[in-house]
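Student: This is work-v9.pdb (PDB, C-alpha atoms).
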ATOM      1  CA  MET A1034     -58.225 -22.606 -43.870
ATOM      2  CA  SER A1035     -57.943 -26.381 -43.782
ATOM      3  CA  LYS A1036     -56.731 -28.218 -40.690
ATOM      4  CA  THR A1037     -53.616 -29.299 -42.626
ATOM      5  CA  SER A1038     -52.833 -25.674 -43.416
ATOM      6  CA  GLU A1039     -53.326 -24.700 -39.788
ATOM      7  CA  ILE A1040     -50.873 -27.365 -38.651
ATOM      8  CA  LYS A1041     -48.346 -26.333 -41.329
ATOM      9  CA  GLN A1042     -48.596 -22.646 -40.308
ATOM     10  CA  GLU A1043     -48.121 -23.564 -36.633
ATOM     11  CA  ASN A1044     -45.069 -25.691 -37.439
ATOM     12  CA  ASP A1045     -43.596 -22.906 -39.574
ATOM     13  CA  SER A1046     -43.972 -20.469 -36.660
ATOM     14  CA  ILE A1047     -42.114 -22.837 -34.336
ATOM     15  CA  ALA A1048     -39.365 -23.281 -36.917
ATOM     16  CA  LYS A1049     -38.958 -19.524 -37.218
ATOM     17  CA  VAL A1050     -38.626 -19.137 -33.430
ATOM     18  CA  GLU A1051     -36.058 -21.924 -33.232
ATOM     19  CA  THR A1052     -34.091 -20.466 -36.136
ATOM     20  CA  LYS A1053     -34.031 -17.056 -34.492
ATOM     21  CA  GLY A1054     -32.658 -18.603 -31.284
ATOM     22  CA  ASP A1055     -30.070 -20.592 -33.200
ATOM     23  CA  LEU A1056     -28.949 -17.532 -35.116
ATOM     24  CA  TYR A1057     -28.317 -15.452 -31.983
ATOM     25  CA  LYS A1058     -24.639 -14.881 -31.437
ATOM     26  CA  PRO A1059     -23.380 -13.177 -28.279
ATOM     27  CA  ILE A1060     -21.240 -10.103 -28.617
ATOM     28  CA  ASP A1061     -17.483 -10.581 -28.660
ATOM     29  CA  THR A1062     -15.639 -10.665 -25.348
ATOM     30  CA  ALA A1063     -13.364  -7.944 -26.724
ATOM     31  CA  CYS A1064     -14.745  -4.671 -25.349
ATOM     32  CA  SER A1065     -16.395  -2.210 -27.703
ATOM     33  CA  SER A1066     -17.900   1.214 -27.022
ATOM     34  CA  GLN A1067     -20.730   0.244 -29.370
ATOM     35  CA  ASN A1068     -21.994  -2.447 -27.008
ATOM     36  CA  LYS A1069     -24.671  -1.585 -24.473
ATOM     37  CA  THR A1070     -25.376  -2.936 -21.003
ATOM     38  CA  GLU A1071     -28.232  -5.073 -22.315
ATOM     39  CA  ASP A1072     -25.888  -6.632 -24.889
ATOM     40  CA  TYR A1073     -23.576  -7.850 -22.142
ATOM     41  CA  ILE A1074     -26.448  -9.106 -19.985
ATOM     42  CA  ALA A1075     -27.900 -11.001 -22.952
ATOM     43  CA  ALA A1076     -24.496 -12.548 -23.662
ATOM     44  CA  LEU A1077     -24.082 -13.614 -20.025
ATOM     45  CA  GLN A1078     -27.530 -15.211 -20.058
ATOM     46  CA  TRP A1079     -26.817 -16.973 -23.349
ATOM     47  CA  TYR A1080     -23.525 -18.405 -22.067
ATOM     48  CA  GLN A1081     -25.160 -19.598 -18.868
ATOM     49  CA  THR A1082     -27.873 -21.434 -20.801
ATOM     50  CA  LYS A1083     -25.287 -22.906 -23.190
ATOM     51  CA  THR A1084     -23.096 -23.987 -20.279
ATOM     52  CA  GLU A1085     -25.951 -25.609 -18.372
ATOM     53  CA  LYS A1086     -26.841 -27.655 -21.468
ATOM     54  CA  GLU A1087     -23.247 -28.816 -21.831
ATOM     55  CA  ILE A1088     -22.973 -29.627 -18.128
ATOM     56  CA  ALA A1089     -25.879 -32.042 -18.388
ATOM     57  CA  LYS A1090     -24.024 -34.097 -21.038
ATOM     58  CA  ASN A1091     -20.497 -33.909 -19.618
ATOM     59  CA  SER A1092     -18.475 -35.992 -17.183
ATOM     60  CA  PRO A1093     -17.402 -34.288 -13.919
ATOM     61  CA  GLU A1094     -13.853 -33.926 -15.310
ATOM     62  CA  GLN A1095     -15.161 -32.208 -18.440
ATOM     63  CA  ASN A1096     -17.214 -29.886 -16.257
ATOM     64  CA  ASP A1097     -14.094 -28.907 -14.301
ATOM     65  CA  LYS A1098     -12.656 -27.556 -17.549
ATOM     66  CA  LEU A1099     -15.988 -26.019 -18.476
ATOM     67  CA  TYR A1100     -16.067 -24.188 -15.139
ATOM     68  CA  GLU A1101     -12.674 -22.631 -15.827
ATOM     69  CA  ASP A1102     -13.762 -21.508 -19.290
ATOM     70  CA  TYR A1103     -17.057 -20.168 -17.991
ATOM     71  CA  VAL A1104     -15.320 -18.083 -15.312
ATOM     72  CA  LYS A1105     -12.942 -16.605 -17.907
ATOM     73  CA  ILE A1106     -15.758 -15.653 -20.270
ATOM     74  CA  ARG A1107     -17.808 -14.055 -17.507
ATOM     75  CA  ASN A1108     -14.829 -12.107 -16.218
ATOM     76  CA  LYS A1109     -14.164 -10.710 -19.689
ATOM     77  CA  TYR A1110     -17.761  -9.546 -20.029
ATOM     78  CA  ILE A1111     -17.732  -8.120 -16.510
ATOM     79  CA  GLY A1112     -14.572  -6.196 -17.373
ATOM     80  CA  CYS A1113     -16.222  -4.726 -20.465
ATOM     81  CA  LEU A1114     -19.378  -3.929 -18.516
ATOM     82  CA  SER A1115     -17.265  -2.156 -15.891
ATOM     83  CA  ASN A1116     -15.733   0.019 -18.622
ATOM     84  CA  THR A1117     -19.167   0.832 -20.041
ATOM     85  CA  LEU A1118     -20.558   1.768 -16.618
ATOM     86  CA  GLY A1119     -17.460   3.524 -15.317
ATOM     87  CA  ASP A1120     -19.303   6.749 -14.451
ATOM     88  CA  ILE A1121     -21.993   4.883 -12.515
ATOM     89  CA  LEU A1122     -19.428   2.860 -10.577
ATOM     90  CA  GLU A1123     -17.607   6.062  -9.678
ATOM     91  CA  LYS A1124     -20.773   7.718  -8.348
ATOM     92  CA  TYR A1125     -22.291   4.622  -6.704
ATOM     93  CA  VAL A1126     -20.887   5.315  -3.235
ATOM     94  CA  ASN A1127     -22.557   8.744  -3.249
ATOM     95  CA  TYR A1128     -25.998   7.127  -3.129
ATOM     96  CA  TYR A1129     -25.388   6.119   0.473
ATOM     97  CA  ASP A1130     -27.350   8.277   2.904
ATOM     98  CA  SER A1131     -25.493   8.479   6.227
ATOM     99  CA  GLU A1132     -28.535   9.784   8.143
ATOM    100  CA  SER A1133     -30.704   6.794   7.344
ATOM    101  CA  GLU A1134     -27.677   4.474   7.027
ATOM    102  CA  SER A1135     -29.075   3.108   3.777
ATOM    103  CA  TYR A1136     -28.781   3.592   0.037
ATOM    104  CA  LYS A1137     -31.139   5.864  -1.887
ATOM    105  CA  PHE A1138     -30.896   4.885  -5.520
ATOM    106  CA  PRO A1139     -32.308   6.815  -8.487
ATOM    107  CA  GLU A1140     -34.543   4.916 -10.903
ATOM    108  CA  ASN A1141     -31.790   4.211 -13.435
ATOM    109  CA  ILE A1142     -29.718   2.410 -10.782
ATOM    110  CA  LYS A1143     -32.741   0.403  -9.622
ATOM    111  CA  LYS A1144     -33.370  -0.706 -13.212
ATOM    112  CA  LEU A1145     -29.710  -1.534 -13.690
ATOM    113  CA  THR A1146     -29.666  -3.625 -10.513
ATOM    114  CA  ALA A1147     -32.693  -5.558 -11.797
ATOM    115  CA  GLU A1148     -30.900  -6.131 -15.123
ATOM    116  CA  PHE A1149     -27.804  -7.304 -13.289
ATOM    117  CA  LYS A1150     -29.803 -10.013 -11.510
ATOM    118  CA  LYS A1151     -30.640 -11.548 -14.893
ATOM    119  CA  GLY A1152     -26.915 -12.013 -15.507
ATOM    120  CA  GLY A1153     -26.084 -13.164 -11.983
ATOM    121  CA  LEU A1154     -24.323  -9.882 -11.208
ATOM    122  CA  GLU A1155     -24.290  -7.344  -8.390
ATOM    123  CA  PHE A1156     -22.692  -4.058  -7.399
ATOM    124  CA  ARG A1157     -20.059  -4.559  -4.712
ATOM    125  CA  GLU A1158     -18.459  -1.776  -2.680
ATOM    126  CA  VAL A1159     -14.854  -2.770  -2.086
ATOM    127  CA  GLY A1160     -13.630   0.123   0.069
ATOM    128  CA  GLU A1161     -11.947   3.493  -0.355
ATOM    129  CA  GLY A1162     -14.930   4.735  -2.318
ATOM    130  CA  TYR A1163     -14.644   2.098  -5.046
ATOM    131  CA  THR A1164     -17.500   0.009  -6.388
ATOM    132  CA  GLU A1165     -17.059  -2.983  -8.689
ATOM    133  CA  ILE A1166     -19.273  -5.381 -10.603
ATOM    134  CA  TRP A1167     -19.088  -8.938  -9.247
ATOM    135  CA  SER A1168     -20.776 -12.220  -9.990
ATOM    136  CA  LYS A1169     -23.253 -13.002  -7.222
ATOM    137  CA  PRO A1170     -21.504 -15.076  -4.526
ATOM    138  CA  ASP A1171     -23.446 -18.275  -5.233
ATOM    139  CA  HIS A1172     -23.624 -17.923  -9.022
ATOM    140  CA  TYR A1173     -20.980 -20.490  -9.962
ATOM    141  CA  TYR A1174     -22.074 -22.946  -7.306
ATOM    142  CA  SER A1175     -25.691 -22.749  -8.461
ATOM    143  CA  VAL A1176     -24.578 -23.640 -12.002
ATOM    144  CA  PHE A1177     -21.986 -26.342 -11.207
ATOM    145  CA  LYS A1178     -23.255 -27.867  -7.944
ATOM    146  CA  ASN A1179     -22.953 -31.685  -7.950
ATOM    147  CA  LYS A1180     -21.666 -31.604 -11.538
ATOM    148  CA  VAL A1181     -17.888 -31.420 -10.997
ATOM    149  CA  THR A1182     -15.177 -33.525  -9.312
ATOM    150  CA  PRO A1183     -14.965 -33.452  -5.477
ATOM    151  CA  ASP A1184     -12.064 -30.984  -5.373
ATOM    152  CA  TYR A1185     -13.866 -28.520  -7.633
ATOM    153  CA  GLU A1186     -17.089 -29.051  -5.694
ATOM    154  CA  ALA A1187     -15.315 -28.138  -2.432
ATOM    155  CA  TYR A1188     -13.539 -25.191  -4.031
ATOM    156  CA  ILE A1189     -16.613 -23.660  -5.672
ATOM    157  CA  SER A1190     -18.746 -24.173  -2.566
ATOM    158  CA  GLN A1191     -16.194 -22.579  -0.224
ATOM    159  CA  THR A1192     -15.456 -19.596  -2.461
ATOM    160  CA  ALA A1193     -19.209 -18.959  -2.713
ATOM    161  CA  LYS A1194     -19.356 -18.706   1.095
ATOM    162  CA  GLU A1195     -16.251 -16.537   1.291
ATOM    163  CA  ASN A1196     -17.564 -14.117  -1.331
ATOM    164  CA  GLU A1197     -20.761 -13.393   0.595
ATOM    165  CA  GLY A1198     -19.028 -10.395   2.169
ATOM    166  CA  ASN A1199     -15.835  -8.428   1.677
ATOM    167  CA  TYR A1200     -12.678 -10.022   3.029
ATOM    168  CA  ALA A1201     -10.898  -6.693   3.384
ATOM    169  CA  ALA A1202     -11.494  -3.013   2.676
ATOM    170  CA  ASP A1203      -9.603   0.219   3.315
ATOM    171  CA  ALA A1204      -6.451  -1.760   4.219
ATOM    172  CA  GLY A1205      -8.267  -3.565   7.015
ATOM    173  CA  LEU A1206      -9.713  -7.012   7.609
ATOM    174  CA  MET A1207     -13.520  -7.165   7.321
ATOM    175  CA  ILE A1208     -14.038 -10.612   8.842
ATOM    176  CA  THR A1209     -13.200 -11.774  12.372
ATOM    177  CA  TRP A1210      -9.878 -13.351  13.273
ATOM    178  CA  LYS A1211     -11.703 -16.580  14.087
ATOM    179  CA  GLU A1212     -13.349 -16.602  10.658
ATOM    180  CA  LEU A1213      -9.951 -16.121   9.059
ATOM    181  CA  GLY A1214      -8.502 -18.947  11.150
ATOM    182  CA  ASP A1215     -11.346 -21.248  10.116
ATOM    183  CA  ARG A1216     -10.780 -20.389   6.448
ATOM    184  CA  LEU A1217      -7.143 -21.341   6.838
ATOM    185  CA  ILE A1218      -8.071 -24.699   8.340
ATOM    186  CA  PHE A1219     -10.463 -25.375   5.462
ATOM    187  CA  TRP A1220      -7.825 -24.642   2.836
ATOM    188  CA  GLU A1221      -5.107 -26.544   4.675
ATOM    189  CA  ASN A1222      -7.385 -29.568   4.739
ATOM    190  CA  PHE A1223      -8.124 -29.049   1.036
ATOM    191  CA  ILE A1224      -4.394 -29.000   0.201
ATOM    192  CA  ASN A1225      -3.793 -32.168   2.202
ATOM    193  CA  LYS A1226      -6.806 -33.948   0.708
ATOM    194  CA  TYR A1227      -6.339 -32.936  -2.948
ATOM    195  CA  PRO A1228      -2.577 -32.510  -3.464
ATOM    196  CA  LYS A1229      -2.844 -33.340  -7.189
ATOM    197  CA  SER A1230      -5.792 -31.073  -7.928
ATOM    198  CA  PRO A1231      -5.416 -28.651 -10.860
ATOM    199  CA  LEU A1232      -6.567 -26.014  -8.371
ATOM    200  CA  ILE A1233      -3.664 -26.580  -5.973
ATOM    201  CA  SER A1234      -1.370 -23.712  -7.012
ATOM    202  CA  ARG A1235      -4.268 -21.247  -6.819
ATOM    203  CA  VAL A1236      -5.322 -22.558  -3.418
ATOM    204  CA  LYS A1237      -1.772 -22.433  -2.044
ATOM    205  CA  GLU A1238      -1.395 -18.821  -3.115
ATOM    206  CA  ASP A1239      -4.659 -17.847  -1.397
ATOM    207  CA  TYR A1240      -3.694 -19.900   1.647
ATOM    208  CA  ASN A1241      -0.364 -18.105   2.020
ATOM    209  CA  ASN A1242      -2.022 -14.711   1.650
ATOM    210  CA  TYR A1243      -4.555 -15.620   4.328
ATOM    211  CA  LEU A1244      -1.799 -16.961   6.585
ATOM    212  CA  TYR A1245       0.237 -13.782   6.247
ATOM    213  CA  ASP A1246      -2.793 -11.674   7.197
ATOM    214  CA  TYR A1247      -3.663 -14.041  10.054
ATOM    215  CA  LEU A1248      -0.219 -13.784  11.612
ATOM    216  CA  PHE A1249       0.614 -10.148  10.957
ATOM    217  CA  GLY A1250      -2.680  -8.444  10.123
ATOM    218  CA  MET A1251      -3.135  -5.589   7.669
ATOM    219  CA  ASP A1252      -2.203  -1.905   7.835
ATOM    220  CA  ASN A1253      -5.404  -0.886   9.613
ATOM    221  CA  THR A1254      -5.958  -4.157  11.472
ATOM    222  CA  PRO A1255      -2.511  -5.288  12.697
ATOM    223  CA  THR A1256      -2.061  -8.186  15.116
ATOM    224  CA  TYR A1257       0.454  -6.341  17.288
ATOM    225  CA  GLU A1258       1.487  -2.891  18.442
ATOM    226  CA  ASN A1259       4.668  -1.836  16.686
ATOM    227  CA  SER A1260       5.786   0.675  19.289
ATOM    228  CA  ASP A1261       5.897  -1.645  22.303
ATOM    229  CA  GLY A1262       6.216  -4.963  20.454
ATOM    230  CA  LYS A1263       3.147  -6.476  22.075
ATOM    231  CA  LEU A1264       0.564  -8.783  20.552
ATOM    232  CA  TYR A1265      -3.020  -7.623  20.867
ATOM    233  CA  ASP A1266      -5.036  -9.692  23.335
ATOM    234  CA  GLU A1267      -7.652 -10.777  20.791
ATOM    235  CA  ASN A1268      -4.969 -12.085  18.421
ATOM    236  CA  LYS A1269      -3.133 -13.867  21.214
ATOM    237  CA  ALA A1270      -6.409 -15.515  22.234
ATOM    238  CA  GLU A1271      -7.106 -16.545  18.622
ATOM    239  CA  PHE A1272      -3.631 -18.034  18.204
ATOM    240  CA  ASN A1273      -4.084 -20.026  21.410
ATOM    241  CA  ARG A1274      -7.492 -21.227  20.226
ATOM    242  CA  MET A1275      -5.926 -22.451  16.996
ATOM    243  CA  ILE A1276      -3.064 -24.190  18.816
ATOM    244  CA  LYS A1277      -5.464 -25.928  21.197
ATOM    245  CA  LYS A1278      -8.098 -26.938  18.626
ATOM    246  CA  TYR A1279      -5.801 -27.848  15.708
ATOM    247  CA  PRO A1280      -2.447 -28.712  17.351
ATOM    248  CA  ASN A1281      -1.125 -30.644  14.352
ATOM    249  CA  SER A1282      -1.927 -27.980  11.763
ATOM    250  CA  TYR A1283       0.686 -25.906   9.985
ATOM    251  CA  ILE A1284      -1.209 -22.796  11.089
ATOM    252  CA  ALA A1285      -0.867 -23.782  14.759
ATOM    253  CA  LYS A1286       2.857 -24.335  14.229
ATOM    254  CA  LYS A1287       3.321 -20.839  12.792
ATOM    255  CA  ALA A1288       1.096 -19.263  15.458
ATOM    256  CA  GLN A1289       3.235 -20.882  18.154
ATOM    257  CA  GLU A1290       6.405 -19.614  16.483
ATOM    258  CA  LEU A1291       4.974 -16.104  16.517
ATOM    259  CA  LEU A1292       3.977 -16.336  20.185
ATOM    260  CA  ASN A1293       7.463 -17.536  21.069
ATOM    261  CA  LEU A1294       9.083 -14.626  19.241
ATOM    262  CA  PHE A1295       6.959 -12.108  21.105
ATOM    263  CA  ASP A1296       7.576 -13.867  24.435
ATOM    264  CA  SER A1297      11.318 -13.615  23.824
ATOM    265  CA  LYS A1298      10.984  -9.868  23.128
ATOM    266  CA  THR A1299      12.219 -10.195  19.549
ATOM    267  CA  PRO A1300      12.250  -6.740  17.863
ATOM    268  CA  THR A1301       9.126  -6.395  15.710
ATOM    269  CA  GLU A1302      11.124  -5.456  12.618
ATOM    270  CA  GLN A1303      12.789  -8.897  12.772
ATOM    271  CA  ILE A1304       9.690 -10.985  13.385
ATOM    272  CA  ARG A1305       8.441 -11.167   9.797
ATOM    273  CA  GLU A1306      11.907 -12.106   8.580
ATOM    274  CA  LYS A1307      12.176 -14.914  11.122
ATOM    275  CA  ILE A1308       8.806 -16.435  10.228
ATOM    276  CA  ASN A1309       8.773 -18.077   6.842
ATOM    277  CA  ILE A1310       5.176 -18.647   5.877
ATOM    278  CA  GLU A1311       5.975 -20.406   2.612
ATOM    279  CA  ARG A1312       5.084 -24.020   3.225
ATOM    280  CA  LYS A1313       6.959 -26.773   1.333
ATOM    281  CA  TYR A1314       4.233 -29.231   0.423
TER     282      TYR A1314
END
Just give me the structure of the file as structure tokens.
Tutor:
Amino acid sequence: MSKTSEIKQENDSIAKVETKGDLYKPIDTACSSQNKTEDYIAALQWYQTKTEKEIAKNSPEQNDKLYEDYVKIRNKYIGCLSNTLGDILEKYVNYYDSESESYKFPENIKKLTAEFKKGGLEFREVGEGYTEIWSKPDHYYSVFKNKVTPDYEAYISQTAKENEGNYAADAGLMITWKELGDRLIFWENFINKYPKSPLISRVKEDYNNYLYDYLFGMDNTPTYENSDGKLYDENKAEFNRMIKKYPNSYIAKKAQELLNLFDSKTPTEQIREKINIERKY
């Protein structure tokens, strides 16, 4: 074979590889029983690569929009994947061994977990025996870090931190009261700093949910005893910490209102009605 022929054959091989890559089309985001786990993982990988290429060419504002689209696409695939693996998700909690206080996974789950990593996914127990498929906490930040506008940068970074562990499970708070208070301060600062952000309505909704839980607690982690109308000591201490450290915050204002209501022996069934946690920005 001549050298010219060798070069031509090599170039043809490269062309074939490139054509094969160009011809790949990810499966539709509409769920189908014909699709397999590996199809969804391959699609997630393909969209990540495609997105990262686009990010490199875009302006920060364009990448804000790209982030929103990317989240939607991933969530659709994750929803389909959850349907496909419904039986595994249902049985996942049973792999926990209470004696050793650790999980003992069969080989198929170990392989699946390894596959999930390729798509930036993980199994997440969310309480009451339920397991879901989530994007890894830092997935979106790793893709969009330093490529979006400041408000999106702050939002994606903070949500990555917050998703490292469960916020709540089994109708109870899973983080400390101080951690919840600090989250509220972060989001209040965000709202004040970026009032025109496209993210603002989403952030306000999360903020109000956090504030409600901070003031009143959840079914299995309340902030006060209903029977005697008394605030728990740890919540009273946290409210006072907030008032002292962030006296001008909206959170401190509402915490003080709550303390005043309990000091005046207001019936507990009236307290939530008297405190309006909807803030008029």
Student: Quick one: which residues end up in the PyMOL selection byres ((chain A and resi 1109) around 12) for this structure, as a compact mmCIF listing (two decimals) with C-alpha atoms, in the frame of the given file?
Tutor:
# COMPACT_ATOMS: atom_id res chain seq x y z
CA ILE A 1060 -21.24 -10.10 -28.62
CA ASP A 1061 -17.48 -10.58 -28.66
CA THR A 1062 -15.64 -10.66 -25.35
CA ALA A 1063 -13.36 -7.94 -26.72
CA CYS A 1064 -14.74 -4.67 -25.35
CA SER A 1065 -16.40 -2.21 -27.70
CA TYR A 1073 -23.58 -7.85 -22.14
CA ALA A 1076 -24.50 -12.55 -23.66
CA LEU A 1077 -24.08 -13.61 -20.02
CA ASP A 1102 -13.76 -21.51 -19.29
CA TYR A 1103 -17.06 -20.17 -17.99
CA VAL A 1104 -15.32 -18.08 -15.31
CA LYS A 1105 -12.94 -16.60 -17.91
CA ILE A 1106 -15.76 -15.65 -20.27
CA ARG A 1107 -17.81 -14.06 -17.51
CA ASN A 1108 -14.83 -12.11 -16.22
CA TYR A 1110 -17.76 -9.55 -20.03
CA ILE A 1111 -17.73 -8.12 -16.51
CA GLY A 1112 -14.57 -6.20 -17.37
CA CYS A 1113 -16.22 -4.73 -20.46
CA LEU A 1114 -19.38 -3.93 -18.52
CA SER A 1115 -17.26 -2.16 -15.89
CA ASN A 1116 -15.73 0.02 -18.62
CA ILE A 1166 -19.27 -5.38 -10.60
CA TRP A 1167 -19.09 -8.94 -9.25
CA SER A 1168 -20.78 -12.22 -9.99
Student: Hey, can you check how far CA of Lys1229 (chain A) sits from CA of Thr1192 (chain A)?
Tutor: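 We find that CA of Lys1229 (chain A) and CA of Thr1192 (chain A) lie 19.2 Å from each other.
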Student: Report as a ChimeraX atom specification the residues that result from applying the PyMOL selection byres ((chain A and resi 1251) around 12) to the structure here.
Tutor: /A:1200-1207,1210,1242-1250,1252-1257
Student: Quick one: everything within 9 Å of Tyr1163 (chain A), counting only C-alpha atoms, minus sequence neighbours fewer than 2 positions away in the same chain. Send it as a ChimeraX atom specification.
Tutor: /A:1122-1126,1157-1161,1165
Student: Considering all atoms listed in the file, return as a list in words whatever protein or nucleic-acid residues lie within 12 Å of Asn1141 (chain A), sequence-local ones (same chain, fewer than 4 positions apart) excluded.
Tutor: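 Skipping anything fewer than 4 positions along the chain leaves Leu1118, Ile1121, Tyr1125, Lys1137, Leu1145, Thr1146, Ala1147 and Glu1148 of chain A.
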Student: Only C-alpha atoms, please: the residues just picked out, written as a PDB file, in the coordinates of the input.
Tutor:
ATOM      1  CA  LEU A1118     -20.558   1.768 -16.618  1.00  0.00           C
ATOM      2  CA  ILE A1121     -21.993   4.883 -12.515  1.00  0.00           C
ATOM      3  CA  TYR A1125     -22.291   4.622  -6.704  1.00  0.00           C
ATOM      4  CA  LYS A1137     -31.139   5.864  -1.887  1.00  0.00           C
ATOM      5  CA  LEU A1145     -29.710  -1.534 -13.690  1.00  0.00           C
ATOM      6  CA  THR A1146     -29.666  -3.625 -10.513  1.00  0.00           C
ATOM      7  CA  ALA A1147     -32.693  -5.558 -11.797  1.00  0.00           C
ATOM      8  CA  GLU A1148     -30.900  -6.131 -15.123  1.00  0.00           C
TER       9      GLU A1148
END
Student: So that I can see what lies close to Tyr1185 (chain A), please list as a PDB file with C-alpha atoms, keeping the file's coordinate frame the residues with an atom at most 10 Å from it, counting all atoms listed in the file and leaving out residues fewer than 4 positions away in the same chain.
Tutor:
ATOM      1  CA  PRO A1093     -17.402 -34.288 -13.919  1.00  0.00           C
ATOM      2  CA  GLU A1094     -13.853 -33.926 -15.310  1.00  0.00           C
ATOM      3  CA  ASN A1096     -17.214 -29.886 -16.257  1.00  0.00           C
ATOM      4  CA  ASP A1097     -14.094 -28.907 -14.301  1.00  0.00           C
ATOM      5  CA  TYR A1100     -16.067 -24.188 -15.139  1.00  0.00           C
ATOM      6  CA  TYR A1174     -22.074 -22.946  -7.306  1.00  0.00           C
ATOM      7  CA  PHE A1177     -21.986 -26.342 -11.207  1.00  0.00           C
ATOM      8  CA  LYS A1178     -23.255 -27.867  -7.944  1.00  0.00           C
ATOM      9  CA  ASN A1179     -22.953 -31.685  -7.950  1.00  0.00           C
ATOM     10  CA  LYS A1180     -21.666 -31.604 -11.538  1.00  0.00           C
ATOM     11  CA  VAL A1181     -17.888 -31.420 -10.997  1.00  0.00           C
ATOM     12  CA  ILE A1189     -16.613 -23.660  -5.672  1.00  0.00           C
ATOM     13  CA  SER A1190     -18.746 -24.173  -2.566  1.00  0.00           C
ATOM     14  CA  GLN A1191     -16.194 -22.579  -0.224  1.00  0.00           C
ATOM     15  CA  TYR A1227      -6.339 -32.936  -2.948  1.00  0.00           C
ATOM     16  CA  SER A1230      -5.792 -31.073  -7.928  1.00  0.00           C
ATOM     17  CA  PRO A1231      -5.416 -28.651 -10.860  1.00  0.00           C
ATOM     18  CA  LEU A1232      -6.567 -26.014  -8.371  1.00  0.00           C
TER      19      LEU A1232
END
Student: Between CA of Glu1267 (chain A) and CA of Asn1222 (chain A), what is the distance, to one decimal in Å?
Tutor: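 According to the coordinates, CA of Glu1267 (chain A) and CA of Asn1222 (chain A) are separated by 24.7 Å.
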